[in-house]
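Source file entry-v2.pdb; content: PDB, C-alpha atoms and all ligand atoms.
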```
ATOM      1  CA  MET A 921    -145.972 -49.606-127.010
ATOM      2  CA  ALA A 922    -145.699 -45.816-127.156
ATOM      3  CA  TYR A 923    -146.244 -43.521-124.158
ATOM      4  CA  ASN A 924    -146.158 -40.090-125.840
ATOM      5  CA  LEU A 925    -143.019 -39.349-123.834
ATOM      6  CA  LEU A 926    -141.727 -36.881-126.434
ATOM      7  CA  LYS A 927    -145.048 -35.385-127.520
ATOM      8  CA  GLY A 928    -144.444 -31.859-128.790
ATOM      9  CA  LYS A 929    -140.667 -32.158-128.435
ATOM     10  CA  LYS A 930    -138.213 -31.290-131.196
ATOM     11  CA  GLY A 931    -134.730 -32.540-131.775
ATOM     12  CA  ILE A 932    -131.715 -33.365-133.922
ATOM     13  CA  ILE A 933    -130.434 -36.920-134.416
ATOM     14  CA  PHE A 934    -126.872 -37.483-135.642
ATOM     15  CA  GLY A 935    -125.487 -40.801-136.874
ATOM     16  CA  ALA A 936    -128.231 -42.921-138.454
ATOM     17  CA  LEU A 937    -126.521 -44.714-141.326
ATOM     18  CA  ASP A 938    -128.579 -47.866-141.865
ATOM     19  CA  LYS A 939    -131.171 -49.988-140.081
ATOM     20  CA  LYS A 940    -128.548 -51.420-137.711
ATOM     21  CA  SER A 941    -127.458 -47.982-136.441
ATOM     22  CA  ILE A 942    -128.358 -47.183-132.859
ATOM     23  CA  ALA A 943    -129.388 -43.687-134.043
ATOM     24  CA  TRP A 944    -131.800 -45.293-136.520
ATOM     25  CA  LYS A 945    -133.596 -47.063-133.666
ATOM     26  CA  VAL A 946    -133.610 -43.873-131.604
ATOM     27  CA  ALA A 947    -135.215 -42.003-134.509
ATOM     28  CA  GLU A 948    -137.913 -44.674-134.893
ATOM     29  CA  LYS A 949    -138.690 -44.575-131.163
ATOM     30  CA  ALA A 950    -138.616 -40.769-131.009
ATOM     31  CA  HIS A 951    -141.119 -40.682-133.861
ATOM     32  CA  GLU A 952    -143.341 -43.242-132.114
ATOM     33  CA  GLU A 953    -143.166 -41.141-128.948
ATOM     34  CA  GLY A 954    -144.430 -38.047-130.761
ATOM     35  CA  ALA A 955    -141.235 -36.072-131.465
ATOM     36  CA  GLU A 956    -140.427 -34.037-134.544
ATOM     37  CA  PHE A 957    -136.766 -33.952-135.543
ATOM     38  CA  ILE A 958    -134.009 -33.373-138.072
ATOM     39  CA  LEU A 959    -131.824 -36.249-139.223
ATOM     40  CA  THR A 960    -128.206 -35.515-140.047
ATOM     41  CA  ASN A 961    -125.111 -37.340-141.252
ATOM     42  CA  THR A 962    -122.098 -36.650-143.481
ATOM     43  CA  PRO A 963    -122.723 -36.085-147.208
ATOM     44  CA  ILE A 964    -120.894 -39.347-147.967
ATOM     45  CA  ALA A 965    -122.998 -41.327-145.481
ATOM     46  CA  LEU A 966    -126.111 -39.834-147.057
ATOM     47  CA  ARG A 967    -124.946 -41.091-150.430
ATOM     48  CA  PHE A 968    -124.184 -44.627-149.268
ATOM     49  CA  GLY A 969    -126.606 -45.058-146.353
ATOM     50  CA  GLN A 970    -130.364 -45.475-146.345
ATOM     51  CA  LEU A 971    -131.364 -42.298-144.536
ATOM     52  CA  ASN A 972    -134.073 -41.280-147.018
ATOM     53  CA  GLU A 973    -136.104 -44.317-146.038
ATOM     54  CA  LEU A 974    -135.917 -43.371-142.350
ATOM     55  CA  ALA A 975    -136.699 -39.724-143.085
ATOM     56  CA  GLU A 976    -139.810 -40.715-144.984
ATOM     57  CA  LYS A 977    -140.971 -43.027-142.218
ATOM     58  CA  CYS A 978    -140.398 -40.402-139.510
ATOM     59  CA  LYS A 979    -141.513 -37.419-141.629
ATOM     60  CA  ALA A 980    -138.149 -35.843-140.837
ATOM     61  CA  GLU A 981    -136.036 -33.470-142.886
ATOM     62  CA  ILE A 982    -132.407 -34.432-143.617
ATOM     63  CA  ILE A 983    -129.694 -31.800-143.300
ATOM     64  CA  PRO A 984    -126.158 -32.964-144.211
ATOM     65  CA  ALA A 985    -123.293 -31.999-141.897
ATOM     66  CA  ASP A 986    -119.817 -33.209-141.096
ATOM     67  CA  ALA A 987    -119.786 -32.984-137.291
ATOM     68  CA  THR A 988    -116.098 -32.010-137.277
ATOM     69  CA  ASP A 989    -116.753 -28.923-139.411
ATOM     70  CA  ILE A 990    -117.880 -25.833-137.487
ATOM     71  CA  ARG A 991    -119.397 -24.193-140.577
ATOM     72  CA  ASP A 992    -121.460 -27.305-141.266
ATOM     73  CA  LEU A 993    -122.602 -27.393-137.649
ATOM     74  CA  GLU A 994    -123.550 -23.719-137.672
ATOM     75  CA  MET A 995    -125.553 -24.200-140.845
ATOM     76  CA  LEU A 996    -127.192 -27.332-139.420
ATOM     77  CA  ILE A 997    -128.202 -25.712-136.148
ATOM     78  CA  GLN A 998    -129.554 -22.555-137.780
ATOM     79  CA  LYS A 999    -131.447 -24.485-140.436
ATOM     80  CA  SER A1000    -132.841 -26.949-137.889
ATOM     81  CA  MET A1001    -134.205 -24.074-135.822
ATOM     82  CA  GLU A1002    -135.804 -22.600-138.934
ATOM     83  CA  VAL A1003    -137.404 -25.908-139.954
ATOM     84  CA  LEU A1004    -138.545 -26.836-136.437
ATOM     85  CA  GLY A1005    -139.677 -23.302-135.596
ATOM     86  CA  GLY A1006    -137.282 -22.530-132.738
ATOM     87  CA  GLN A1007    -135.086 -24.161-130.106
ATOM     88  CA  VAL A1008    -134.780 -27.941-129.830
ATOM     89  CA  ASP A1009    -135.515 -30.140-126.804
ATOM     90  CA  PHE A1010    -133.105 -32.993-127.499
ATOM     91  CA  ILE A1011    -129.972 -33.918-129.463
ATOM     92  CA  LEU A1012    -128.399 -37.331-130.033
ATOM     93  CA  HIS A1013    -124.666 -37.538-130.853
ATOM     94  CA  SER A1014    -124.213 -41.078-132.201
ATOM     95  CA  ILE A1015    -120.909 -40.682-134.039
ATOM     96  CA  GLY A1016    -117.748 -42.739-133.965
ATOM     97  CA  MET A1017    -114.948 -43.657-136.354
ATOM     98  CA  SER A1018    -111.290 -44.637-136.166
ATOM     99  CA  MET A1019    -109.084 -44.877-139.243
ATOM    100  CA  ASN A1020    -106.512 -46.693-137.113
ATOM    101  CA  VAL A1021    -109.090 -49.416-136.457
ATOM    102  CA  ARG A1022    -110.137 -49.439-140.102
ATOM    103  CA  LYS A1023    -106.570 -49.662-141.355
ATOM    104  CA  LYS A1024    -105.618 -52.205-138.672
ATOM    105  CA  ARG A1025    -103.018 -49.945-137.064
ATOM    106  CA  VAL A1026    -102.613 -51.386-133.554
ATOM    107  CA  TYR A1027    -102.352 -49.198-130.438
ATOM    108  CA  ASN A1028     -98.549 -49.387-130.241
ATOM    109  CA  ASP A1029     -98.229 -48.461-133.931
ATOM    110  CA  LEU A1030    -100.799 -45.715-134.404
ATOM    111  CA  SER A1031    -100.802 -43.246-137.234
ATOM    112  CA  TYR A1032    -101.018 -39.878-135.451
ATOM    113  CA  ASP A1033    -102.915 -38.334-138.361
ATOM    114  CA  TYR A1034    -105.532 -41.027-137.935
ATOM    115  CA  PHE A1035    -105.440 -40.625-134.157
ATOM    116  CA  GLN A1036    -106.229 -36.904-134.495
ATOM    117  CA  LYS A1037    -109.139 -37.803-136.759
ATOM    118  CA  THR A1038    -110.429 -40.410-134.300
ATOM    119  CA  LEU A1039    -110.474 -37.825-131.537
ATOM    120  CA  ASP A1040    -111.968 -35.122-133.749
ATOM    121  CA  ILE A1041    -114.766 -37.278-135.165
ATOM    122  CA  SER A1042    -115.586 -39.342-132.093
ATOM    123  CA  ALA A1043    -115.122 -36.826-129.262
ATOM    124  CA  VAL A1044    -114.188 -33.228-130.160
ATOM    125  CA  SER A1045    -117.194 -33.121-132.522
ATOM    126  CA  PHE A1046    -119.336 -33.360-129.369
ATOM    127  CA  HIS A1047    -117.708 -30.237-127.962
ATOM    128  CA  LYS A1048    -118.081 -28.479-131.327
ATOM    129  CA  LEU A1049    -121.768 -29.405-131.383
ATOM    130  CA  LEU A1050    -122.408 -28.215-127.827
ATOM    131  CA  GLN A1051    -120.467 -24.992-128.365
ATOM    132  CA  THR A1052    -122.347 -24.261-131.584
ATOM    133  CA  CYS A1053    -125.682 -24.889-129.859
ATOM    134  CA  TYR A1054    -124.576 -22.619-127.022
ATOM    135  CA  LYS A1055    -123.613 -19.860-129.451
ATOM    136  CA  PHE A1056    -127.031 -19.939-131.124
ATOM    137  CA  ASP A1057    -128.935 -20.631-127.909
ATOM    138  CA  ALA A1058    -130.392 -23.583-129.773
ATOM    139  CA  ILE A1059    -131.510 -25.801-126.869
ATOM    140  CA  LYS A1060    -134.599 -25.166-124.754
ATOM    141  CA  GLU A1061    -134.471 -24.960-120.954
ATOM    142  CA  TRP A1062    -134.693 -28.513-119.504
ATOM    143  CA  GLY A1063    -133.538 -29.886-122.858
ATOM    144  CA  SER A1064    -131.422 -33.036-123.016
ATOM    145  CA  VAL A1065    -128.283 -33.942-124.968
ATOM    146  CA  VAL A1066    -127.055 -37.541-125.150
ATOM    147  CA  ALA A1067    -123.890 -39.011-126.684
ATOM    148  CA  LEU A1068    -123.130 -42.705-127.019
ATOM    149  CA  SER A1069    -120.071 -44.108-125.310
ATOM    150  CA  TYR A1070    -118.448 -47.422-124.488
ATOM    151  CA  ILE A1071    -116.818 -49.008-121.425
ATOM    152  CA  ALA A1072    -113.411 -48.772-123.145
ATOM    153  CA  ALA A1073    -113.394 -45.227-121.675
ATOM    154  CA  GLN A1074    -112.710 -46.800-118.252
ATOM    155  CA  ARG A1075    -111.272 -50.239-119.014
ATOM    156  CA  THR A1076    -108.820 -51.572-121.558
ATOM    157  CA  LEU A1077    -110.522 -53.869-124.027
ATOM    158  CA  TYR A1078    -108.469 -55.808-126.508
ATOM    159  CA  GLY A1079    -108.969 -54.499-130.048
ATOM    160  CA  TYR A1080    -110.803 -51.254-129.214
ATOM    161  CA  ASN A1081    -107.631 -49.298-129.921
ATOM    162  CA  ASP A1082    -107.655 -45.461-129.963
ATOM    163  CA  MET A1083    -111.453 -45.390-129.696
ATOM    164  CA  GLY A1084    -110.973 -45.983-125.950
ATOM    165  CA  ASP A1085    -109.141 -42.659-125.682
ATOM    166  CA  ALA A1086    -111.851 -40.961-127.748
ATOM    167  CA  LYS A1087    -114.606 -42.298-125.489
ATOM    168  CA  ALA A1088    -112.755 -41.130-122.352
ATOM    169  CA  LEU A1089    -112.577 -37.636-123.854
ATOM    170  CA  LEU A1090    -116.223 -37.777-124.955
ATOM    171  CA  GLU A1091    -117.386 -38.582-121.423
ATOM    172  CA  SER A1092    -115.218 -35.821-119.985
ATOM    173  CA  ILE A1093    -116.672 -33.291-122.436
ATOM    174  CA  ALA A1094    -120.185 -34.350-121.354
ATOM    175  CA  ARG A1095    -119.307 -33.581-117.731
ATOM    176  CA  SER A1096    -117.502 -30.298-118.429
ATOM    177  CA  PHE A1097    -120.155 -28.894-120.758
ATOM    178  CA  GLY A1098    -122.913 -30.453-118.648
ATOM    179  CA  TYR A1099    -121.806 -28.276-115.761
ATOM    180  CA  ILE A1100    -121.980 -25.075-117.818
ATOM    181  CA  TYR A1101    -125.223 -25.996-119.549
ATOM    182  CA  GLY A1102    -126.841 -27.094-116.281
ATOM    183  CA  ARG A1103    -125.728 -24.019-114.349
ATOM    184  CA  GLU A1104    -126.724 -21.521-116.982
ATOM    185  CA  LYS A1105    -129.581 -23.040-118.912
ATOM    186  CA  LYS A1106    -130.924 -26.057-116.986
ATOM    187  CA  ILE A1107    -129.933 -28.345-119.847
ATOM    188  CA  ARG A1108    -128.842 -31.974-119.292
ATOM    189  CA  VAL A1109    -125.762 -33.512-120.933
ATOM    190  CA  ASN A1110    -125.140 -37.242-120.477
ATOM    191  CA  THR A1111    -123.446 -40.201-122.128
ATOM    192  CA  ILE A1112    -124.878 -43.698-122.373
ATOM    193  CA  SER A1113    -122.265 -46.463-122.251
ATOM    194  CA  GLN A1114    -123.836 -49.132-124.421
ATOM    195  CA  SER A1115    -123.117 -52.882-124.681
ATOM    196  CA  PRO A1116    -121.241 -53.994-127.796
ATOM    197  CA  THR A1117    -123.784 -53.969-130.619
ATOM    198  CA  ARG A1118    -123.552 -55.364-134.154
ATOM    199  CA  THR A1119    -123.702 -52.174-136.246
ATOM    200  CA  THR A1120    -121.411 -50.874-138.995
ATOM    201  CA  ALA A1121    -119.161 -49.149-136.422
ATOM    202  CA  GLY A1122    -119.444 -52.067-133.967
ATOM    203  CA  SER A1123    -118.514 -54.649-136.580
ATOM    204  CA  GLY A1124    -115.230 -52.797-137.198
ATOM    205  CA  VAL A1125    -114.028 -53.607-133.666
ATOM    206  CA  LYS A1126    -111.468 -56.403-133.691
ATOM    207  CA  GLY A1127    -112.940 -59.639-132.351
ATOM    208  CA  ILE A1128    -116.494 -58.239-132.030
ATOM    209  CA  ASP A1129    -118.102 -61.716-132.103
ATOM    210  CA  GLY A1130    -115.973 -63.041-129.247
ATOM    211  CA  LEU A1131    -116.415 -59.793-127.340
ATOM    212  CA  MET A1132    -120.195 -59.863-127.679
ATOM    213  CA  ASP A1133    -120.316 -63.490-126.600
ATOM    214  CA  PHE A1134    -118.126 -62.722-123.582
ATOM    215  CA  THR A1135    -120.173 -59.705-122.452
ATOM    216  CA  GLU A1136    -123.424 -61.590-123.061
ATOM    217  CA  ARG A1137    -122.237 -64.389-120.780
ATOM    218  CA  MET A1138    -120.752 -62.067-118.136
ATOM    219  CA  SER A1139    -123.737 -59.677-117.869
ATOM    220  CA  PRO A1140    -126.454 -60.870-115.479
ATOM    221  CA  LEU A1141    -129.085 -59.349-117.774
ATOM    222  CA  GLY A1142    -127.257 -60.086-121.039
ATOM    223  CA  ASN A1143    -126.150 -57.536-123.629
ATOM    224  CA  ALA A1144    -128.379 -54.535-124.248
ATOM    225  CA  THR A1145    -129.643 -54.389-127.826
ATOM    226  CA  ALA A1146    -129.780 -51.307-130.049
ATOM    227  CA  GLU A1147    -133.581 -51.142-129.511
ATOM    228  CA  GLU A1148    -133.109 -51.220-125.747
ATOM    229  CA  CYS A1149    -130.503 -48.472-126.046
ATOM    230  CA  ALA A1150    -133.018 -46.426-128.027
ATOM    231  CA  ASN A1151    -135.646 -46.911-125.312
ATOM    232  CA  PHE A1152    -133.246 -45.702-122.657
ATOM    233  CA  THR A1153    -132.220 -42.727-124.792
ATOM    234  CA  ILE A1154    -135.898 -41.735-125.055
ATOM    235  CA  VAL A1155    -136.149 -41.766-121.250
ATOM    236  CA  LEU A1156    -133.138 -39.441-121.055
ATOM    237  CA  PHE A1157    -134.747 -37.131-123.633
ATOM    238  CA  SER A1158    -138.046 -37.145-121.754
ATOM    239  CA  ASP A1159    -139.137 -35.087-118.739
ATOM    240  CA  LEU A1160    -138.856 -38.243-116.598
ATOM    241  CA  SER A1161    -135.108 -37.711-116.151
ATOM    242  CA  LYS A1162    -134.960 -33.952-115.570
ATOM    243  CA  LYS A1163    -132.353 -34.035-112.799
ATOM    244  CA  VAL A1164    -129.943 -36.485-114.434
ATOM    245  CA  THR A1165    -126.947 -34.678-115.860
ATOM    246  CA  MET A1166    -123.146 -34.948-116.230
ATOM    247  CA  GLN A1167    -123.461 -38.728-115.965
ATOM    248  CA  ASN A1168    -122.067 -41.623-117.900
ATOM    249  CA  ILE A1169    -124.765 -44.256-117.497
ATOM    250  CA  PHE A1170    -123.933 -47.873-118.218
ATOM    251  CA  HIS A1171    -126.579 -49.544-120.323
ATOM    252  CA  ASP A1172    -124.967 -52.958-120.474
ATOM    253  CA  GLY A1173    -126.995 -55.553-118.575
ATOM    254  CA  GLY A1174    -124.715 -55.162-115.545
ATOM    255  CA  PHE A1175    -121.440 -56.012-117.325
ATOM    256  CA  SER A1176    -119.585 -52.972-115.977
ATOM    257  CA  SER A1177    -120.131 -54.063-112.354
ATOM    258  CA  ILE A1178    -119.199 -57.718-112.736
ATOM    259  CA  GLY A1179    -115.797 -58.975-111.614
ATOM    260  CA  MET A1180    -116.393 -62.717-111.700
ATOM    261  CA  SER A1181    -119.604 -64.512-112.621
ATOM    262  CA  LEU A1182    -120.659 -68.037-111.674
ATOM    263  CA  LYS A1183    -120.437 -69.202-115.293
ATOM    264  CA  ALA A1184    -116.982 -67.654-115.747
ATOM    265  CA  MET A1185    -115.771 -69.240-112.506
ATOM    266  CA  GLN A1186    -116.958 -72.664-113.686
ATOM    267  CA  MET A1187    -115.200 -72.214-117.046
ATOM    268  CA  TYR A1188    -112.045 -70.968-115.372
ATOM    269  CA  ASN A1189    -111.909 -73.938-113.020
ATOM    270  CA  ARG A1190    -112.340 -76.317-115.944
ATOM    271  CA  SER A1191    -109.559 -74.902-118.115
ATOM    272  CA  LEU A1192    -107.220 -73.278-115.636
ATOM    273  CA  ASP A1193    -104.052 -74.444-117.354
ATOM    274  CA  CYS A1194    -104.763 -73.634-120.905
ATOM    275  CA  ASP A1195    -101.587 -75.068-122.460
ATOM    276  CA  ASP A1196    -103.202 -75.740-125.804
ATOM    277  CA  CYS A1197    -105.118 -72.489-126.086
ATOM    278  CA  PRO A1198    -104.515 -71.041-129.562
ATOM    279  CA  ASP A1199    -102.312 -67.959-129.732
ATOM    280  CA  ILE A1200    -104.096 -64.746-130.607
ATOM    281  CA  GLU A1201    -102.565 -61.955-132.593
TER     282      GLU A1201
HETATM  283  N1  LIG B1301    -121.889 -50.698-131.871
HETATM  284  C1  LIG B1301    -121.329 -50.782-130.679
HETATM  285  O1  LIG B1301    -120.848 -51.856-130.248
HETATM  286  C2  LIG B1301    -121.301 -49.576-129.782
HETATM  287  C3  LIG B1301    -121.150 -49.749-128.389
HETATM  288  C4  LIG B1301    -121.083 -48.611-127.579
HETATM  289  C5  LIG B1301    -121.141 -47.346-128.160
HETATM  290  N2  LIG B1301    -121.290 -47.226-129.523
HETATM  291  C6  LIG B1301    -121.319 -45.887-130.095
HETATM  292  O2  LIG B1301    -122.573 -45.651-130.686
HETATM  293  C7  LIG B1301    -122.420 -44.614-131.654
HETATM  294  C8  LIG B1301    -123.139 -45.010-132.935
HETATM  295  O3  LIG B1301    -122.514 -46.098-133.555
HETATM  296  P1  LIG B1301    -123.291 -47.349-134.171
HETATM  297  O4  LIG B1301    -122.811 -48.527-133.442
HETATM  298  O5  LIG B1301    -124.737 -47.077-134.256
HETATM  299  O6  LIG B1301    -122.631 -47.445-135.637
HETATM  300  P2  LIG B1301    -122.950 -46.705-137.021
HETATM  301  O7  LIG B1301    -121.792 -47.042-137.898
HETATM  302  O8  LIG B1301    -124.297 -47.070-137.506
HETATM  303  O9  LIG B1301    -122.936 -45.148-136.651
HETATM  304  C9  LIG B1301    -121.772 -44.339-136.643
HETATM  305  C10 LIG B1301    -122.166 -43.058-137.357
HETATM  306  O10 LIG B1301    -121.154 -42.052-137.263
HETATM  307  C11 LIG B1301    -121.294 -41.279-138.440
HETATM  308  N3  LIG B1301    -120.146 -40.399-138.646
HETATM  309  C12 LIG B1301    -118.835 -40.776-138.868
HETATM  310  N4  LIG B1301    -118.085 -39.676-139.073
HETATM  311  C13 LIG B1301    -118.916 -38.599-138.957
HETATM  312  C14 LIG B1301    -118.722 -37.200-139.055
HETATM  313  N5  LIG B1301    -117.508 -36.663-139.312
HETATM  314  N6  LIG B1301    -119.800 -36.380-138.911
HETATM  315  C15 LIG B1301    -121.030 -36.890-138.670
HETATM  316  N7  LIG B1301    -121.264 -38.218-138.549
HETATM  317  C16 LIG B1301    -120.220 -39.057-138.705
HETATM  318  C17 LIG B1301    -121.430 -42.360-139.516
HETATM  319  O11 LIG B1301    -121.825 -41.860-140.766
HETATM  320  C18 LIG B1301    -122.431 -43.276-138.863
HETATM  321  O12 LIG B1301    -123.751 -42.891-139.174
HETATM  322  C19 LIG B1301    -120.913 -44.380-131.818
HETATM  323  O13 LIG B1301    -120.526 -43.294-131.004
HETATM  324  C20 LIG B1301    -120.343 -45.667-131.240
HETATM  325  O14 LIG B1301    -119.012 -45.532-130.805
HETATM  326  C21 LIG B1301    -121.388 -48.313-130.332
END
```
What is this structure when it is put down as structure tokens?
Amino acid sequence: MAYNLLKGKKGIIFGALDKKSIAWKVAEKAHEEGAEFILTNTPIALRFGQLNELAEKCKAEIIPADATDIRDLEMLIQKSMEVLGGQVDFILHSIGMSMNVRKKRVYNDLSYDYFQKTLDISAVSFHKLLQTCYKFDAIKEWGSVVALSYIAAQRTLYGYNDMGDAKALLESIARSFGYIYGREKKIRVNTISQSPTRTTAGSGVKGIDGLMDFTERMSPLGNATAEECANFTIVLFSDLSKKVTMQNIFHDGGFSSIGMSLKAMQMYNRSLDCDDCPDIE
């Protein structure tokens, strides 16, 4: 059901690759809620993804940009303002990638070239985006910027590797820029810390199936789906959350606040001495 929460609002959505992408769901919801927006991704993702289909459905224009490249970002922001007829109300940063994860380089054997890329793509790109928007005064007063994060920013999760460091930096950038943007332009900057979700990026995380099963069982409300994440993102874009800024908001069914659940306690009591548990790599 749509509520016209974004009626008349304009925005830019980064990171829709295919139907599983969280950004894809956000774009569908934003369209349903009355927004007009630009879709953007890297030229290579545009070649291999299915963005044209989404653009057609949402009547959105696609503008390619590598979010680590300042010139691309400048072109994107200027062109978006031309197409949309002025400043934007909302921006979604839904970007993450680690070559260390892809190439199975574990955390105590990282390639530092890859590590730099992880940080640049998954975190510094957020600063580059915000700084470019600031330079062109591209966001309207009371606008809202959201980036997607993960609990590995605060806790160590087996297999998440250098993406945990990237998410910690991403959340810090949201706070630091959120202060400046709030003080000077009344613009909100937040991160949503989403449950593990089976997307292209999510599926790259080592042991994603076990992780999702664990968080599903440990969260009193269960894992949050990509659709539910999109709904929450729409609320943060809307005027219903005007005084929420510089926050990292857990959207995870309660997982982040659980220490021990009843189910986990029962399991633990049953298999306390796990002598024949298989070794994991
Ligand atoms: N899937 C999960 O379990 C999960 C959980 C919490 C947070 N997140 C975060 O959600 C966000 C979206 O990921 P997703 O799960 O929808 O996966 P996804 O693979 O669909 O999206 C990742 C996107 O990043 C884009 N991207 C990569 N490098 C880029 C660059 N240089 N410039 C511009 N775009 C680039 C990709 O093309 C892709 O569209 C990421 O920040 C991810 O870390 C995902």
Exercise. Check which residues satisfy the PyMOL selection byres (((chain A and resi 980) around 7) and not hetatm) in the file shown, then give them as a ChimeraX atom specification.
Key: /A:956-959,975-976,978-979,981-982
List every residue of chain A that has an atom at most 6 Å from any atom of ligand LIG 1301 (chain B), and for each one report the closest atom pair and its distance in Å to one decimal, counting only C-alpha atoms and all ligand atoms, with rows sorted by chain and then by increasing residue number, as JSON lines.
```
{"residue": "A:Gly935", "atom": "CA", "partner": "B:LIG1301", "partner_atom": "O12", "distance": 3.6}
{"residue": "A:Ala936", "atom": "CA", "partner": "B:LIG1301", "partner_atom": "O12", "distance": 4.5}
{"residue": "A:Leu937", "atom": "CA", "partner": "B:LIG1301", "partner_atom": "O12", "distance": 4.0}
{"residue": "A:Ser941", "atom": "CA", "partner": "B:LIG1301", "partner_atom": "O8", "distance": 3.5}
{"residue": "A:Ile942", "atom": "CA", "partner": "B:LIG1301", "partner_atom": "O5", "distance": 3.9}
{"residue": "A:Ala943", "atom": "CA", "partner": "B:LIG1301", "partner_atom": "O5", "distance": 5.8}
{"residue": "A:Asn961", "atom": "CA", "partner": "B:LIG1301", "partner_atom": "N7", "distance": 4.8}
{"residue": "A:Thr962", "atom": "CA", "partner": "B:LIG1301", "partner_atom": "C15", "distance": 4.9}
{"residue": "A:Ala965", "atom": "CA", "partner": "B:LIG1301", "partner_atom": "O11", "distance": 4.9}
{"residue": "A:Asp986", "atom": "CA", "partner": "B:LIG1301", "partner_atom": "N6", "distance": 3.9}
{"residue": "A:Ala987", "atom": "CA", "partner": "B:LIG1301", "partner_atom": "N6", "distance": 3.8}
{"residue": "A:Thr988", "atom": "CA", "partner": "B:LIG1301", "partner_atom": "N5", "distance": 5.3}
{"residue": "A:Ser1014", "atom": "CA", "partner": "B:LIG1301", "partner_atom": "C7", "distance": 4.0}
{"residue": "A:Ile1015", "atom": "CA", "partner": "B:LIG1301", "partner_atom": "O10", "distance": 3.5}
{"residue": "A:Gly1016", "atom": "CA", "partner": "B:LIG1301", "partner_atom": "O13", "distance": 4.1}
{"residue": "A:Met1017", "atom": "CA", "partner": "B:LIG1301", "partner_atom": "C12", "distance": 5.5}
{"residue": "A:Ile1041", "atom": "CA", "partner": "B:LIG1301", "partner_atom": "N5", "distance": 5.0}
{"residue": "A:Leu1068", "atom": "CA", "partner": "B:LIG1301", "partner_atom": "O2", "distance": 4.7}
{"residue": "A:Ser1069", "atom": "CA", "partner": "B:LIG1301", "partner_atom": "C5", "distance": 4.4}
{"residue": "A:Tyr1070", "atom": "CA", "partner": "B:LIG1301", "partner_atom": "C4", "distance": 4.2}
{"residue": "A:Ser1113", "atom": "CA", "partner": "B:LIG1301", "partner_atom": "C4", "distance": 5.9}
{"residue": "A:Gln1114", "atom": "CA", "partner": "B:LIG1301", "partner_atom": "C4", "distance": 4.2}
{"residue": "A:Ser1115", "atom": "CA", "partner": "B:LIG1301", "partner_atom": "C3", "distance": 5.2}
{"residue": "A:Pro1116", "atom": "CA", "partner": "B:LIG1301", "partner_atom": "O1", "distance": 3.3}
{"residue": "A:Thr1117", "atom": "CA", "partner": "B:LIG1301", "partner_atom": "O1", "distance": 3.6}
{"residue": "A:Arg1118", "atom": "CA", "partner": "B:LIG1301", "partner_atom": "N1", "distance": 5.5}
{"residue": "A:Thr1119", "atom": "CA", "partner": "B:LIG1301", "partner_atom": "O4", "distance": 4.7}
{"residue": "A:Thr1120", "atom": "CA", "partner": "B:LIG1301", "partner_atom": "O7", "distance": 4.0}
{"residue": "A:Ala1121", "atom": "CA", "partner": "B:LIG1301", "partner_atom": "O7", "distance": 3.7}
{"residue": "A:Gly1122", "atom": "CA", "partner": "B:LIG1301", "partner_atom": "N1", "distance": 3.5}
```
Export C-alpha atoms of the chosen residues as a PDB file, in the frame of the given file?
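selection-v9.pdb, freshly written:
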```pdb
ATOM      1  CA  GLY A 935    -125.487 -40.801-136.874  1.00  0.00           C
ATOM      2  CA  ALA A 936    -128.231 -42.921-138.454  1.00  0.00           C
ATOM      3  CA  LEU A 937    -126.521 -44.714-141.326  1.00  0.00           C
ATOM      4  CA  SER A 941    -127.458 -47.982-136.441  1.00  0.00           C
ATOM      5  CA  ILE A 942    -128.358 -47.183-132.859  1.00  0.00           C
ATOM      6  CA  ALA A 943    -129.388 -43.687-134.043  1.00  0.00           C
ATOM      7  CA  ASN A 961    -125.111 -37.340-141.252  1.00  0.00           C
ATOM      8  CA  THR A 962    -122.098 -36.650-143.481  1.00  0.00           C
ATOM      9  CA  ALA A 965    -122.998 -41.327-145.481  1.00  0.00           C
ATOM     10  CA  ASP A 986    -119.817 -33.209-141.096  1.00  0.00           C
ATOM     11  CA  ALA A 987    -119.786 -32.984-137.291  1.00  0.00           C
ATOM     12  CA  THR A 988    -116.098 -32.010-137.277  1.00  0.00           C
ATOM     13  CA  SER A1014    -124.213 -41.078-132.201  1.00  0.00           C
ATOM     14  CA  ILE A1015    -120.909 -40.682-134.039  1.00  0.00           C
ATOM     15  CA  GLY A1016    -117.748 -42.739-133.965  1.00  0.00           C
ATOM     16  CA  MET A1017    -114.948 -43.657-136.354  1.00  0.00           C
ATOM     17  CA  ILE A1041    -114.766 -37.278-135.165  1.00  0.00           C
ATOM     18  CA  LEU A1068    -123.130 -42.705-127.019  1.00  0.00           C
ATOM     19  CA  SER A1069    -120.071 -44.108-125.310  1.00  0.00           C
ATOM     20  CA  TYR A1070    -118.448 -47.422-124.488  1.00  0.00           C
ATOM     21  CA  SER A1113    -122.265 -46.463-122.251  1.00  0.00           C
ATOM     22  CA  GLN A1114    -123.836 -49.132-124.421  1.00  0.00           C
ATOM     23  CA  SER A1115    -123.117 -52.882-124.681  1.00  0.00           C
ATOM     24  CA  PRO A1116    -121.241 -53.994-127.796  1.00  0.00           C
ATOM     25  CA  THR A1117    -123.784 -53.969-130.619  1.00  0.00           C
ATOM     26  CA  ARG A1118    -123.552 -55.364-134.154  1.00  0.00           C
ATOM     27  CA  THR A1119    -123.702 -52.174-136.246  1.00  0.00           C
ATOM     28  CA  THR A1120    -121.411 -50.874-138.995  1.00  0.00           C
ATOM     29  CA  ALA A1121    -119.161 -49.149-136.422  1.00  0.00           C
ATOM     30  CA  GLY A1122    -119.444 -52.067-133.967  1.00  0.00           C
TER      31      GLY A1122
END
```
Practice problem: Check which residues satisfy the PyMOL selection byres (((chain A and resi 1104) around 12) and not hetatm) in the file shown, then give them as a list in words. | Solution: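 For this structure, the PyMOL selection byres (((chain A and resi 1104) around 12) and not hetatm) resolves to Tyr1054, Asp1057, Ile1059, Lys1060, Glu1061, Trp1062, Phe1097, Gly1098, Tyr1099, Ile1100, Tyr1101, Gly1102, Arg1103, Lys1105, Lys1106, Ile1107 and Arg1108 of chain A.
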